[in-house]
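Colleague: Take a look at target-v9.txt, compact mmCIF, C-alpha atoms:
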```txt
# COMPACT_ATOMS: atom_id res chain seq x y z
CA MET A 217 136.56 -65.82 84.82
CA PHE A 218 139.88 -64.48 83.49
CA ALA A 219 143.16 -65.24 85.16
CA ASP A 220 145.75 -62.52 85.54
CA GLY A 221 147.79 -62.27 82.38
CA THR A 222 145.00 -63.51 80.10
CA LEU A 223 144.59 -61.66 76.83
CA VAL A 224 141.10 -60.28 76.41
CA ARG A 225 139.26 -58.42 73.67
CA VAL A 226 136.79 -55.67 74.53
CA LEU A 227 133.47 -56.32 72.84
CA ASP A 228 132.54 -53.93 70.11
CA HIS A 229 128.87 -53.57 71.01
CA THR A 230 126.71 -50.51 71.24
CA ILE A 231 124.12 -50.42 73.98
CA PHE A 232 121.47 -47.78 74.30
CA GLY A 233 121.66 -47.12 78.00
CA HIS A 234 124.33 -46.14 80.48
CA CYS A 235 127.66 -47.69 79.53
CA ARG A 236 131.01 -47.60 81.29
CA THR A 237 133.05 -49.17 78.50
CA PRO A 238 134.62 -46.30 76.56
CA LEU A 239 134.42 -46.24 72.79
CA TYR A 240 138.18 -45.96 72.38
CA LEU A 241 138.63 -49.40 73.97
CA LYS A 242 135.92 -51.26 72.08
CA GLY A 243 137.35 -53.97 69.88
CA LYS A 244 140.82 -53.64 71.43
CA VAL A 245 142.93 -56.36 72.98
CA GLY A 246 144.63 -56.03 76.34
CA GLU A 247 145.95 -58.11 79.19
CA VAL A 248 144.18 -58.75 82.48
CA VAL A 249 146.17 -57.23 85.33
CA SER A 250 143.86 -58.28 88.15
CA LEU A 251 140.35 -59.05 89.23
CA THR A 252 139.30 -56.12 91.38
CA GLY A 253 136.16 -57.69 92.79
CA ALA A 254 132.49 -58.19 92.02
CA TRP A 255 130.23 -55.16 91.87
CA ARG A 256 126.67 -54.18 91.09
CA ASN A 257 126.18 -53.49 87.40
CA PRO A 258 126.18 -49.73 86.72
CA GLU A 259 124.23 -50.24 83.50
CA THR A 260 121.12 -51.15 85.48
CA LEU A 261 121.87 -49.22 88.68
CA ALA A 262 121.54 -46.18 86.46
CA TYR A 263 117.85 -46.95 86.06
CA HIS A 264 117.13 -47.47 89.76
CA LYS A 265 117.42 -51.25 89.50
CA PRO A 266 119.42 -53.22 92.06
CA GLY A 267 122.27 -53.99 89.61
CA LEU A 268 122.25 -57.70 90.38
CA PRO A 269 123.76 -60.17 89.84
CA LEU A 270 127.15 -58.80 90.76
CA ARG A 271 129.58 -58.61 87.88
CA ARG A 272 133.30 -59.23 87.99
CA LEU A 273 135.43 -56.17 87.29
CA TYR A 274 138.86 -56.55 85.71
CA ARG A 275 141.71 -54.12 85.46
CA VAL A 276 142.95 -54.51 81.88
CA ARG A 277 146.16 -53.09 80.50
CA PHE A 278 146.57 -52.07 76.88
CA ARG A 279 149.58 -51.04 74.83
CA GLN A 280 148.98 -47.48 73.68
CA ALA A 281 150.44 -48.49 70.32
CA ASP A 282 147.51 -50.91 69.95
CA LEU A 283 144.95 -48.21 70.75
CA TRP A 284 146.07 -45.33 68.55
CA ASP A 285 147.48 -45.31 65.03
CA GLY A 286 150.98 -43.94 65.01
CA TYR A 287 151.36 -43.70 68.78
CA PRO A 288 155.04 -42.80 69.12
CA ASN A 289 156.21 -44.54 72.32
CA ALA A 290 156.29 -48.32 72.21
CA GLY A 291 156.46 -48.76 75.97
CA ASP A 292 153.47 -46.66 77.03
CA THR A 293 150.35 -48.34 78.37
CA LEU A 294 146.82 -47.60 79.50
CA GLU A 295 144.67 -49.34 82.08
CA ALA A 296 140.92 -49.33 82.55
CA ASP A 297 138.45 -51.17 84.75
CA LEU A 298 136.11 -53.26 82.60
CA TYR A 299 133.22 -55.57 83.44
CA GLU A 300 133.37 -59.23 82.57
CA HIS A 301 130.42 -59.08 80.22
CA TRP A 302 132.39 -56.68 78.02
CA LEU A 303 135.39 -59.04 77.67
CA ALA A 304 136.11 -62.16 75.61
CA PRO A 305 139.25 -64.26 75.34
CA ALA A 306 141.70 -63.15 72.66
CA GLU A 307 144.93 -64.38 71.16
CA ARG A 308 148.09 -62.81 69.95
CA ALA A 309 149.54 -64.30 66.77
CA ALA A 310 153.22 -65.24 66.43
CA THR A 311 153.96 -61.98 64.65
CA GLY A 312 152.87 -60.06 67.70
CA ASP A 313 149.76 -58.87 65.89
CA LEU A 314 146.56 -59.15 67.80
CA SER A 315 143.60 -61.18 66.62
CA MET B 52 132.61 -56.87 97.49
CA MET B 53 129.96 -54.36 96.68
CA SER B 54 130.14 -50.66 96.44
CA SER B 55 127.03 -48.74 95.89
CA HIS B 56 127.79 -45.72 97.92
CA ASP B 57 129.70 -42.72 97.91
CA HIS B 58 130.27 -41.24 94.88
CA ASP B 59 132.64 -38.80 94.04
CA ASP B 60 132.22 -36.88 91.07
CA HIS B 61 129.93 -37.79 88.45
CA ASP B 62 130.43 -35.61 85.73
CA HIS B 63 132.30 -33.65 83.49
CA ASP B 64 133.32 -30.54 82.15
CA HIS B 65 134.06 -27.05 82.64
CA ASP B 66 133.04 -25.09 85.54
CA HIS B 67 131.91 -21.79 84.13
CA ASP B 68 130.94 -20.47 87.49
CA HIS B 69 132.35 -17.12 88.29
CA GLY B 70 135.40 -16.33 90.29
CA ASP B 71 138.53 -14.98 88.80
CA HIS B 72 140.86 -15.83 91.61
CA ASP B 73 144.37 -17.05 91.31
CA HIS B 74 144.98 -20.65 91.92
CA HIS B 75 143.82 -21.85 95.30
CA ASP B 76 144.15 -25.39 96.49
CA HIS B 77 142.03 -24.67 99.45
CA VAL B 78 138.80 -22.83 100.09
CA HIS B 79 138.35 -21.12 103.42
CA PRO B 80 134.78 -21.89 104.43
CA HIS B 81 134.25 -18.52 106.04
CA ALA B 82 135.32 -16.57 102.98
CA ALA B 83 133.01 -18.54 100.69
CA ILE B 84 130.02 -18.28 102.99
CA GLU B 85 130.33 -14.52 103.00
CA ASP B 86 130.29 -14.52 99.20
CA HIS B 87 127.40 -12.74 97.63
CA ASP B 88 126.83 -14.94 94.63
CA THR B 89 124.88 -13.62 91.73
CA VAL B 90 121.39 -14.94 92.17
CA THR B 91 120.45 -17.02 89.19
CA GLU B 92 117.65 -19.37 88.45
CA PHE B 93 119.84 -22.25 89.52
CA HIS B 94 120.54 -20.67 92.90
CA LEU B 95 116.80 -20.34 93.42
CA LEU B 96 116.29 -23.92 92.31
CA GLU B 97 118.88 -25.15 94.79
CA GLN B 98 117.18 -23.21 97.56
CA ALA B 99 113.73 -24.51 96.60
CA MET B 100 114.89 -28.10 96.50
CA ARG B 101 116.84 -27.80 99.72
CA GLU B 102 113.86 -26.32 101.56
CA LEU B 103 111.50 -29.00 100.27
CA LEU B 104 113.89 -31.82 101.12
CA ILE B 105 114.38 -30.47 104.63
CA GLU B 106 110.62 -30.15 105.09
CA ALA B 107 110.18 -33.70 103.82
CA GLY B 108 112.67 -34.88 106.42
CA VAL B 109 115.11 -36.26 103.86
CA PHE B 110 117.91 -34.35 105.59
CA SER B 111 118.29 -31.38 107.89
CA ALA B 112 119.92 -27.99 107.42
CA ALA B 113 122.52 -29.13 109.94
CA ASP B 114 123.23 -32.19 107.80
CA ILE B 115 123.99 -29.97 104.83
CA GLN B 116 126.24 -27.72 106.86
CA ARG B 117 128.10 -30.67 108.35
CA GLN B 118 128.60 -32.23 104.96
CA ILE B 119 129.97 -28.96 103.56
CA GLU B 120 132.43 -28.70 106.43
CA ARG B 121 133.48 -32.33 106.13
CA GLN B 122 134.13 -31.93 102.43
CA GLU B 123 136.11 -28.73 102.95
CA MET B 124 138.42 -30.57 105.29
CA ARG B 125 139.41 -32.96 102.54
CA THR B 126 142.33 -31.36 100.79
CA PRO B 127 145.48 -32.53 99.03
CA ALA B 128 147.28 -32.15 102.37
CA MET B 129 145.64 -35.44 103.36
CA GLY B 130 147.06 -37.17 100.33
CA ALA B 131 150.43 -35.58 100.96
CA ARG B 132 150.52 -37.11 104.47
CA ILE B 133 149.82 -40.51 103.01
CA VAL B 134 152.56 -40.11 100.42
CA ALA B 135 155.11 -38.93 102.97
CA LYS B 136 154.38 -41.89 105.19
CA ALA B 137 154.58 -44.31 102.30
CA TRP B 138 158.02 -42.94 101.48
CA THR B 139 159.35 -43.29 105.02
CA ASP B 140 157.56 -46.36 106.38
CA PRO B 141 157.93 -49.57 104.33
CA GLY B 142 155.31 -51.42 106.38
CA PHE B 143 152.75 -48.68 105.77
CA ARG B 144 153.67 -48.58 102.10
CA ALA B 145 153.07 -52.32 101.77
CA GLU B 146 149.69 -52.03 103.50
CA LEU B 147 148.75 -49.10 101.33
CA LEU B 148 149.43 -51.08 98.18
CA SER B 149 147.57 -54.19 99.23
CA ASN B 150 144.70 -52.85 101.37
CA PRO B 151 144.71 -49.05 101.48
CA LYS B 152 141.63 -48.12 103.47
CA PRO B 153 142.54 -49.63 106.85
CA ALA B 154 146.06 -48.19 106.52
CA ILE B 155 144.65 -44.75 105.79
CA THR B 156 142.09 -45.01 108.58
CA ALA B 157 144.91 -45.81 110.99
CA LEU B 158 146.34 -42.37 110.11
CA GLY B 159 143.16 -40.81 111.43
CA ILE B 160 141.63 -40.16 108.00
CA ASP B 161 138.00 -41.23 107.82
CA VAL B 162 137.30 -43.06 104.59
CA ALA B 163 134.22 -44.97 105.63
CA ASN B 164 131.44 -44.93 103.02
CA THR B 165 133.69 -43.83 100.19
CA PRO B 166 134.45 -45.67 96.95
CA ALA B 167 137.16 -48.28 96.80
CA LEU B 168 140.64 -46.85 96.55
CA GLN B 169 143.71 -48.17 94.80
CA VAL B 170 147.16 -46.71 95.23
CA LEU B 171 149.55 -46.53 92.27
CA GLU B 172 153.26 -46.12 92.78
CA ASN B 173 155.44 -44.26 90.35
CA ARG B 174 158.58 -46.33 90.45
CA ASP B 175 160.68 -48.73 88.42
CA GLY B 176 160.36 -46.57 85.35
CA VAL B 177 156.55 -46.36 85.43
CA HIS B 178 154.73 -43.03 85.66
CA HIS B 179 150.96 -43.16 86.22
CA VAL B 180 148.48 -40.48 85.14
CA VAL B 181 144.86 -40.70 86.28
CA VAL B 182 141.77 -39.58 84.37
CA CYS B 183 138.06 -40.32 84.13
CA THR B 184 137.24 -40.02 80.44
CA LEU B 185 133.53 -40.73 80.96
CA CYS B 186 132.84 -38.24 83.73
CA SER B 187 135.09 -36.97 86.55
CA CYS B 188 135.69 -39.74 89.07
CA TYR B 189 138.47 -38.68 91.43
CA PRO B 190 139.75 -39.75 94.87
CA ARG B 191 137.81 -37.00 96.64
CA MET B 192 138.05 -38.70 100.00
CA ILE B 193 141.80 -38.15 99.94
CA LEU B 194 142.41 -35.16 97.70
CA GLY B 195 139.20 -33.14 98.02
CA ILE B 196 137.30 -31.74 95.07
CA PRO B 197 139.03 -32.11 91.69
CA PRO B 198 140.25 -29.05 89.80
CA ALA B 199 138.15 -27.86 86.88
CA TRP B 200 140.78 -28.97 84.36
CA TYR B 201 140.50 -32.58 85.52
CA LYS B 202 136.79 -32.42 84.73
CA SER B 203 137.31 -30.65 81.41
CA ARG B 204 136.47 -32.20 78.07
CA GLU B 205 139.95 -31.39 76.82
CA TYR B 206 141.79 -33.30 79.55
CA ARG B 207 139.46 -36.26 79.41
CA ALA B 208 139.72 -36.50 75.64
CA ARG B 209 143.45 -35.92 75.19
CA VAL B 210 145.32 -37.48 78.10
CA VAL B 211 144.45 -41.02 77.04
CA ARG B 212 145.53 -40.44 73.46
CA GLU B 213 148.54 -38.13 73.81
CA PRO B 214 149.63 -38.27 77.45
CA ARG B 215 153.16 -37.07 76.76
CA VAL B 216 151.91 -33.95 74.98
CA VAL B 217 149.45 -33.23 77.79
CA LEU B 218 152.14 -33.79 80.42
CA GLU B 219 154.43 -31.35 78.62
CA GLU B 220 151.64 -28.78 78.86
CA PHE B 221 151.69 -29.39 82.61
CA GLY B 222 155.44 -28.92 82.66
CA VAL B 223 156.20 -32.61 83.01
CA SER B 224 158.88 -34.03 80.72
CA LEU B 225 159.66 -37.71 80.94
CA PRO B 226 162.23 -39.70 79.00
CA ASP B 227 161.16 -42.23 76.38
CA SER B 228 162.50 -44.95 78.66
CA THR B 229 159.77 -44.18 81.21
CA GLU B 230 156.57 -46.11 80.69
CA ILE B 231 153.68 -43.70 80.91
CA ARG B 232 150.67 -45.58 82.17
CA VAL B 233 147.35 -43.76 81.88
CA VAL B 234 144.69 -45.08 84.25
CA ASP B 235 141.09 -44.45 83.21
CA SER B 236 138.72 -44.62 86.21
CA THR B 237 135.87 -46.30 84.38
CA ALA B 238 134.30 -48.06 87.35
CA ASP B 239 133.99 -47.66 91.13
CA LEU B 240 137.68 -47.63 91.95
CA ARG B 241 139.45 -44.34 92.64
CA TYR B 242 143.17 -43.94 92.16
CA LEU B 243 145.82 -42.12 94.15
CA VAL B 244 149.32 -41.80 92.72
CA ILE B 245 152.35 -42.03 94.99
CA PRO B 246 154.88 -39.88 93.15
CA GLU B 247 158.57 -40.69 93.09
CA ARG B 248 160.37 -39.29 96.07
CA PRO B 249 162.69 -36.59 94.82
CA ALA B 250 166.45 -36.94 95.23
CA GLY B 251 168.02 -34.89 98.00
CA THR B 252 165.16 -35.38 100.47
CA GLU B 253 166.76 -38.09 102.56
CA HIS B 254 167.19 -35.75 105.52
CA LEU B 255 163.56 -34.58 105.62
CA ASP B 256 161.11 -35.91 108.17
CA GLU B 257 157.56 -36.95 107.34
CA GLU B 258 156.07 -33.54 107.96
CA ALA B 259 158.63 -31.79 105.80
CA LEU B 260 158.16 -34.37 103.08
CA ALA B 261 154.39 -33.92 103.12
CA ALA B 262 154.91 -30.20 102.54
CA ILE B 263 156.62 -30.81 99.21
CA VAL B 264 153.99 -33.17 97.77
CA SER B 265 151.78 -31.31 95.28
CA ARG B 266 148.23 -32.22 94.36
CA ASP B 267 149.13 -32.63 90.71
CA SER B 268 151.87 -35.12 91.56
CA MET B 269 149.19 -37.31 93.16
CA ILE B 270 147.18 -37.26 89.93
CA GLY B 271 150.25 -37.79 87.79
CA THR B 272 150.29 -34.40 86.10
CA GLY B 273 153.05 -33.03 88.30
CA LEU B 274 156.60 -33.98 89.17
CA LEU B 275 158.29 -33.04 92.41
CA ALA B 276 161.47 -30.96 92.32
CA GLY B 277 164.59 -33.01 92.20
CA ALA B 278 162.90 -35.99 90.54
CA ALA B 279 164.11 -37.36 87.17
CA MET C 80 135.52 -33.40 62.72
CA THR C 81 134.71 -30.20 64.54
CA VAL C 82 135.60 -29.68 68.13
CA THR C 83 132.03 -29.22 69.29
CA ASP C 84 130.63 -32.24 67.53
CA PRO C 85 132.06 -35.34 69.18
CA VAL C 86 129.60 -37.60 67.46
CA ALA C 87 131.04 -36.78 64.06
CA GLY C 88 133.13 -39.62 62.77
CA ASP C 89 131.38 -42.29 64.82
CA PRO C 90 127.64 -42.20 65.17
CA THR C 91 127.78 -44.54 68.15
CA ARG C 92 129.87 -42.15 70.23
CA ARG C 93 127.86 -40.67 73.08
CA GLN C 94 128.57 -37.10 73.99
CA HIS C 95 130.22 -37.86 77.35
CA ASP C 96 132.45 -40.60 75.90
CA LEU C 97 135.38 -38.34 75.15
CA GLY C 98 138.49 -40.54 75.23
CA GLY C 99 140.59 -40.00 72.12
CA LEU C 100 138.89 -36.94 70.67
CA GLU C 101 141.23 -34.29 69.32
CA LEU C 102 140.28 -31.32 71.46
CA GLY C 103 142.18 -28.16 72.22
CA PRO C 104 144.29 -26.75 75.05
CA ILE C 105 143.42 -27.56 78.63
CA ASP C 106 142.36 -24.53 80.64
CA ARG C 107 144.12 -24.83 83.98
CA HIS C 108 142.54 -21.83 85.63
CA GLU C 109 141.11 -22.69 89.05
CA HIS C 110 138.78 -20.76 91.29
CA PRO C 111 137.60 -21.25 94.85
CA ARG C 112 134.30 -23.00 95.17
CA THR C 113 131.22 -20.90 95.67
CA LEU C 114 128.56 -21.50 98.30
CA PHE C 115 126.18 -22.62 95.58
CA GLU C 116 128.65 -25.29 94.45
CA MET C 117 129.25 -26.48 97.98
CA ARG C 118 125.54 -26.75 98.67
CA VAL C 119 124.82 -28.69 95.49
CA ASP C 120 127.72 -31.01 96.24
CA ALA C 121 126.52 -31.55 99.80
CA MET C 122 122.97 -32.19 98.64
CA LEU C 123 124.19 -34.84 96.22
CA MET C 124 126.39 -36.52 98.81
CA LEU C 125 123.53 -36.72 101.29
CA LEU C 126 121.04 -38.02 98.72
CA THR C 127 123.37 -40.75 97.48
CA HIS C 128 124.54 -41.75 100.95
CA PRO C 129 123.60 -45.34 101.78
CA GLY C 130 121.56 -44.12 104.72
CA CYS C 131 119.36 -42.11 102.37
CA GLY C 132 119.66 -43.84 99.02
CA ALA C 133 117.31 -41.57 97.05
CA PHE C 134 119.19 -42.62 93.94
CA LYS C 135 122.57 -43.90 92.86
CA VAL C 136 125.42 -41.94 91.40
CA ASP C 137 125.07 -44.11 88.30
CA ALA C 138 121.60 -42.62 87.77
CA MET C 139 123.10 -39.12 88.02
CA ARG C 140 125.61 -39.95 85.33
CA ARG C 141 122.91 -41.43 83.12
CA ALA C 142 120.75 -38.36 83.50
CA VAL C 143 123.56 -36.00 82.53
CA GLU C 144 124.69 -38.20 79.63
CA ASN C 145 121.19 -37.89 78.20
CA TYR C 146 121.06 -34.11 78.22
CA SER C 147 120.75 -32.17 75.00
CA ARG C 148 124.08 -31.33 73.42
CA LEU C 149 123.52 -27.69 74.34
CA ASP C 150 122.96 -28.43 78.01
CA TYR C 151 125.78 -30.91 78.18
CA GLU C 152 128.35 -28.56 76.71
CA GLN C 153 127.17 -25.22 78.02
CA LEU C 154 125.66 -25.68 81.43
CA PRO C 155 128.28 -25.25 84.14
CA TYR C 156 129.21 -28.38 86.02
CA TYR C 157 127.23 -27.87 89.21
CA GLN C 158 124.21 -26.60 87.37
CA ARG C 159 124.20 -29.83 85.36
CA TRP C 160 124.28 -31.73 88.62
CA LEU C 161 121.45 -29.75 90.17
CA LYS C 162 119.29 -30.30 87.11
CA ALA C 163 120.01 -34.03 87.28
CA ILE C 164 119.28 -34.19 91.00
CA ARG C 165 115.92 -32.57 90.32
CA GLN C 166 115.13 -35.02 87.53
CA LEU C 167 116.05 -38.04 89.65
CA LEU C 168 114.13 -36.90 92.72
CA VAL C 169 111.05 -36.55 90.53
CA GLU C 170 111.73 -39.93 88.86
CA GLN C 171 111.91 -41.50 92.30
CA GLY C 172 108.81 -39.74 93.59
CA VAL C 173 110.67 -37.89 96.35
CA LEU C 174 109.54 -34.50 95.08
CA THR C 175 107.17 -33.40 92.34
CA ASP C 176 107.81 -30.81 89.67
CA GLU C 177 104.68 -29.00 90.83
CA ALA C 178 105.98 -28.68 94.37
CA ILE C 179 109.32 -27.43 93.10
CA GLU C 180 107.74 -24.85 90.82
CA GLU C 181 105.43 -23.70 93.59
CA ARG C 182 108.34 -23.23 95.96
CA LEU C 183 110.32 -21.37 93.30
CA ALA C 184 107.43 -18.98 92.83
CA LEU C 185 107.24 -18.44 96.57
CA ILE C 186 110.96 -17.74 96.83
CA ARG C 187 110.79 -15.24 93.98
CA THR C 188 107.92 -13.49 95.73
CA ARG C 189 109.90 -13.34 98.95
CA LEU C 190 112.87 -11.89 97.08
CA GLU C 191 110.77 -9.31 95.36
CA SER C 192 109.33 -8.14 98.61
CA GLY C 193 112.83 -7.74 99.97
CA GLY C 194 113.06 -10.92 101.97
CA GLN C 195 114.82 -14.16 101.07
```
Take the structure I supplied and represent it as structure tokens, if you would.

Modeller:
Amino acid sequence: MFADGTLVRVLDHTIFGHCRTPLYLKGKVGEVVSLTGAWRNPETLAYHKPGLPLRRLYRVRFRQADLWDGYPNAGDTLEADLYEHWLAPAERAATGDLS
Amino acid sequence: MMSSHDHDDHDHDHDHDHGDHDHHDHVHPHAAIEDHDTVTEFHLLEQAMRELLIEAGVFSAADIQRQIERQEMRTPAMGARIVAKAWTDPGFRAELLSNPKPAITALGIDVANTPALQVLENRDGVHHVVVCTLCSCYPRMILGIPPAWYKSREYRARVVREPRVVLEEFGVSLPDSTEIRVVDSTADLRYLVIPERPAGTEHLDEEALAAIVSRDSMIGTGLLAGAA
Amino acid sequence: MTVTDPVAGDPTRRQHDLGGLELGPIDRHEHPRTLFEMRVDAMLMLLTHPGCGAFKVDAMRRAVENYSRLDYEQLPYYQRWLKAIRQLLVEQGVLTDEAIEERLALIRTRLESGGQ
């Protein structure tokens, strides 16, 4: 369970089935904006399974500068809805670099 | 809260289907039904499947017709009404931001059995742009069917990585001081953007305001005249 | 990395997972929907409606994601959907391929003899 404002890292896994975590976010660190609810898991719904247990879905905000090398506007951001099993706690070092 | 129903678009890409019309936001059902489409294998397949499903009792011909008509009634004009009301009615705006579906239903728009909706306001120096990089999820219940470009590989690939360049291509120029926030619809939530109300519209009533709200401004790829 | 080969550069990238690829100009041409498109759309909405529940939208996405590169990139949008609907209805035992092929043959015969 991640509180709003928590820093999270998107897991850098590859799964063989249906996946709703985009490649461009894997391994990146962002901040939880909100918990949007608990939902059936699309990864198994896609194979006619019930998608249970429900999984928590978080809206996570990223700095564009952290996603793309050389992104020119420091203030721009990106948000995506990511399932809890794709997120782990992360930390930002004193320099502002992400770990 | 579970959502396993309504859908919206699932997938991607270009629509190579024929039709070389100028831009239309709106299809007139009668005009389309009189179309004589080129008969292709896929048209035959659709007919075969539809006949078999009707015979199997999965749905009726009337169900199909009703669904077509219902979908045709969903156009950006619905979204524009919601935007205009949000601009003029602070109570409605607050409801829309915290719990949109009941507020929208109270306007007479039926959003039962549709995916969860979240409303994003462009204000306080933040400009939202919505995309679905993985397929083509879109707030169909409010805006109708998405345009082909929204479903295109090019939009889905580029708007997350170079939103300012893409926005320029759409004729949208924003200062560096604006935070551009791209929202990727990766799960079951659909997003509607409330654009900034343009300056000089203080004298307009709700109906007149709704008339100036473009579809693209509710996706984030359009600005309304007078803004910025 | 060529435009038509999204997997190049990262072998784990699936063909539908497009965020960040350096693709070309966005074609903003729009056309009114055809009757075919409206019918396919309506069929999908009815089949995925909770009252029917033949399959979930997630299964549709999965089916399309697994298409050959050729089909994924070249089949028009609604044709991709129709193909996926067919696959899922057969997966779920709602229809059989044999029944579909039989009906197709019948429809072609009707057309040839001037009917529909």

Colleague: Pick out the closest residue to Arg277 of chain A from this set: B:Ile133, B:Val211, B:Ile196, B:Val233. Count all atoms listed in the file.

Modeller: B:Val233

Colleague: Would you list which chain C residues are within 9 Å of chain A using all atoms listed in the file, as a ChimeraX atom specification?

Modeller: /C:91-93,96-99,134-142,144,171

Colleague: For chain A, which residues have at least one atom within 7 Å of chain B, if we go by all atoms listed in the file? Write them as a compact mmCIF listing (two decimals) with C-alpha atoms, in the coordinates of the input, please.

Modeller:
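Wrote it out as selection_14.txt, contents follow:
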```
# COMPACT_ATOMS: atom_id res chain seq x y z
CA ARG A 236 131.01 -47.60 81.29
CA GLY A 253 136.16 -57.69 92.79
CA ALA A 254 132.49 -58.19 92.02
CA TRP A 255 130.23 -55.16 91.87
CA ARG A 256 126.67 -54.18 91.09
CA TRP A 284 146.07 -45.33 68.55
CA ASN A 289 156.21 -44.54 72.32
CA GLY A 291 156.46 -48.76 75.97
CA ASP A 292 153.47 -46.66 77.03
CA THR A 293 150.35 -48.34 78.37
CA LEU A 294 146.82 -47.60 79.50
CA GLU A 295 144.67 -49.34 82.08
CA ALA A 296 140.92 -49.33 82.55
CA ASP A 297 138.45 -51.17 84.75
```

Colleague: I'd like the interatomic distance between atom CA of Met122 of chain C and atom CA of Gln122 of chain B, to a tenth of an Å.

Modeller: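 Between atom CA of Met122 of chain C and atom CA of Gln122 of chain B the gap is 11.8 Å.
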
Colleague: So what do you get for atom CA of Leu154 of chain C versus atom CA of Gln98 of chain B, distance-wise?

Modeller: 18.4 Å

Colleague: Quick one: residues within 12 Å of Ala133 of chain C, all atoms listed in the file, excluding same-chain residues fewer than 4 positions away - as a list of chain:residue names?

Modeller: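 Skipping anything fewer than 4 positions along the chain leaves A:His264, B:His56, B:Leu104, B:Val109, B:Phe110, C:Met122, C:Leu123, C:Met124, C:Leu125, C:Leu126, C:Thr127, C:His128, C:Pro129, C:Asp137, C:Ala138, C:Met139, C:Ile164, C:Arg165, C:Gln166, C:Leu167, C:Leu168, C:Val169, C:Glu170, C:Gln171, C:Gly172, C:Val173, C:Leu174.
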
Colleague: Restricting the calculation to all atoms listed in the file, which member of C:Glu181, C:Asp150, C:Asp120, C:Glu109 is positioned closest to Gln94 of chain C?

Modeller: C:Asp150

Colleague: Compute the distance from (147.5, -37.6, 100.9) to each atom, counting all atoms listed in the file, keep the residues with any atom at most 9 Å away, and return them as number ranges by chain; use the coordinates of the file.

Modeller: B: 126-135, 193-194, 243, 245, 261, 264, 266, 269

Colleague: Fix up segment 278-282 of chain A with all heavy atoms, then write it as a short mmCIF file (atom, residue, chain, number, x, y, z; two decimals), keeping the file's coordinate frame.

Modeller:
```cif
data_model
loop_
_atom_site.label_atom_id
_atom_site.label_comp_id
_atom_site.auth_asym_id
_atom_site.auth_seq_id
_atom_site.Cartn_x
_atom_site.Cartn_y
_atom_site.Cartn_z
N PHE A 278 146.42 -52.10 78.34
CA PHE A 278 146.57 -52.07 76.88
C PHE A 278 147.88 -51.40 76.51
O PHE A 278 148.36 -50.52 77.23
CB PHE A 278 145.42 -51.25 76.26
CG PHE A 278 144.06 -51.76 76.59
CD1 PHE A 278 143.44 -51.42 77.79
CD2 PHE A 278 143.37 -52.60 75.72
CE1 PHE A 278 142.16 -51.90 78.12
CE2 PHE A 278 142.10 -53.07 76.02
CZ PHE A 278 141.49 -52.73 77.22
N ARG A 279 148.45 -51.80 75.36
CA ARG A 279 149.58 -51.04 74.83
C ARG A 279 148.99 -49.84 74.10
O ARG A 279 148.09 -50.00 73.26
CB ARG A 279 150.35 -51.86 73.81
CG ARG A 279 150.96 -53.14 74.28
CD ARG A 279 151.60 -53.82 73.07
NE ARG A 279 151.97 -55.19 73.33
CZ ARG A 279 152.20 -56.09 72.38
NH1 ARG A 279 152.09 -55.76 71.11
NH2 ARG A 279 152.55 -57.32 72.69
N GLN A 280 149.48 -48.68 74.37
CA GLN A 280 148.98 -47.48 73.68
C GLN A 280 149.14 -47.63 72.16
O GLN A 280 148.29 -47.16 71.38
CB GLN A 280 149.71 -46.23 74.16
CG GLN A 280 149.32 -45.79 75.57
CD GLN A 280 148.01 -44.99 75.59
OE1 GLN A 280 146.98 -45.40 75.05
NE2 GLN A 280 148.03 -43.85 76.25
N ALA A 281 150.21 -48.30 71.76
CA ALA A 281 150.44 -48.49 70.32
C ALA A 281 149.33 -49.31 69.68
O ALA A 281 149.09 -49.21 68.46
CB ALA A 281 151.79 -49.16 70.09
N ASP A 282 148.63 -50.12 70.47
CA ASP A 282 147.51 -50.91 69.95
C ASP A 282 146.21 -50.10 69.93
O ASP A 282 145.23 -50.50 69.28
CB ASP A 282 147.27 -52.16 70.80
CG ASP A 282 148.40 -53.17 70.68
OD1 ASP A 282 149.15 -53.12 69.68
OD2 ASP A 282 148.55 -54.01 71.59
#
```
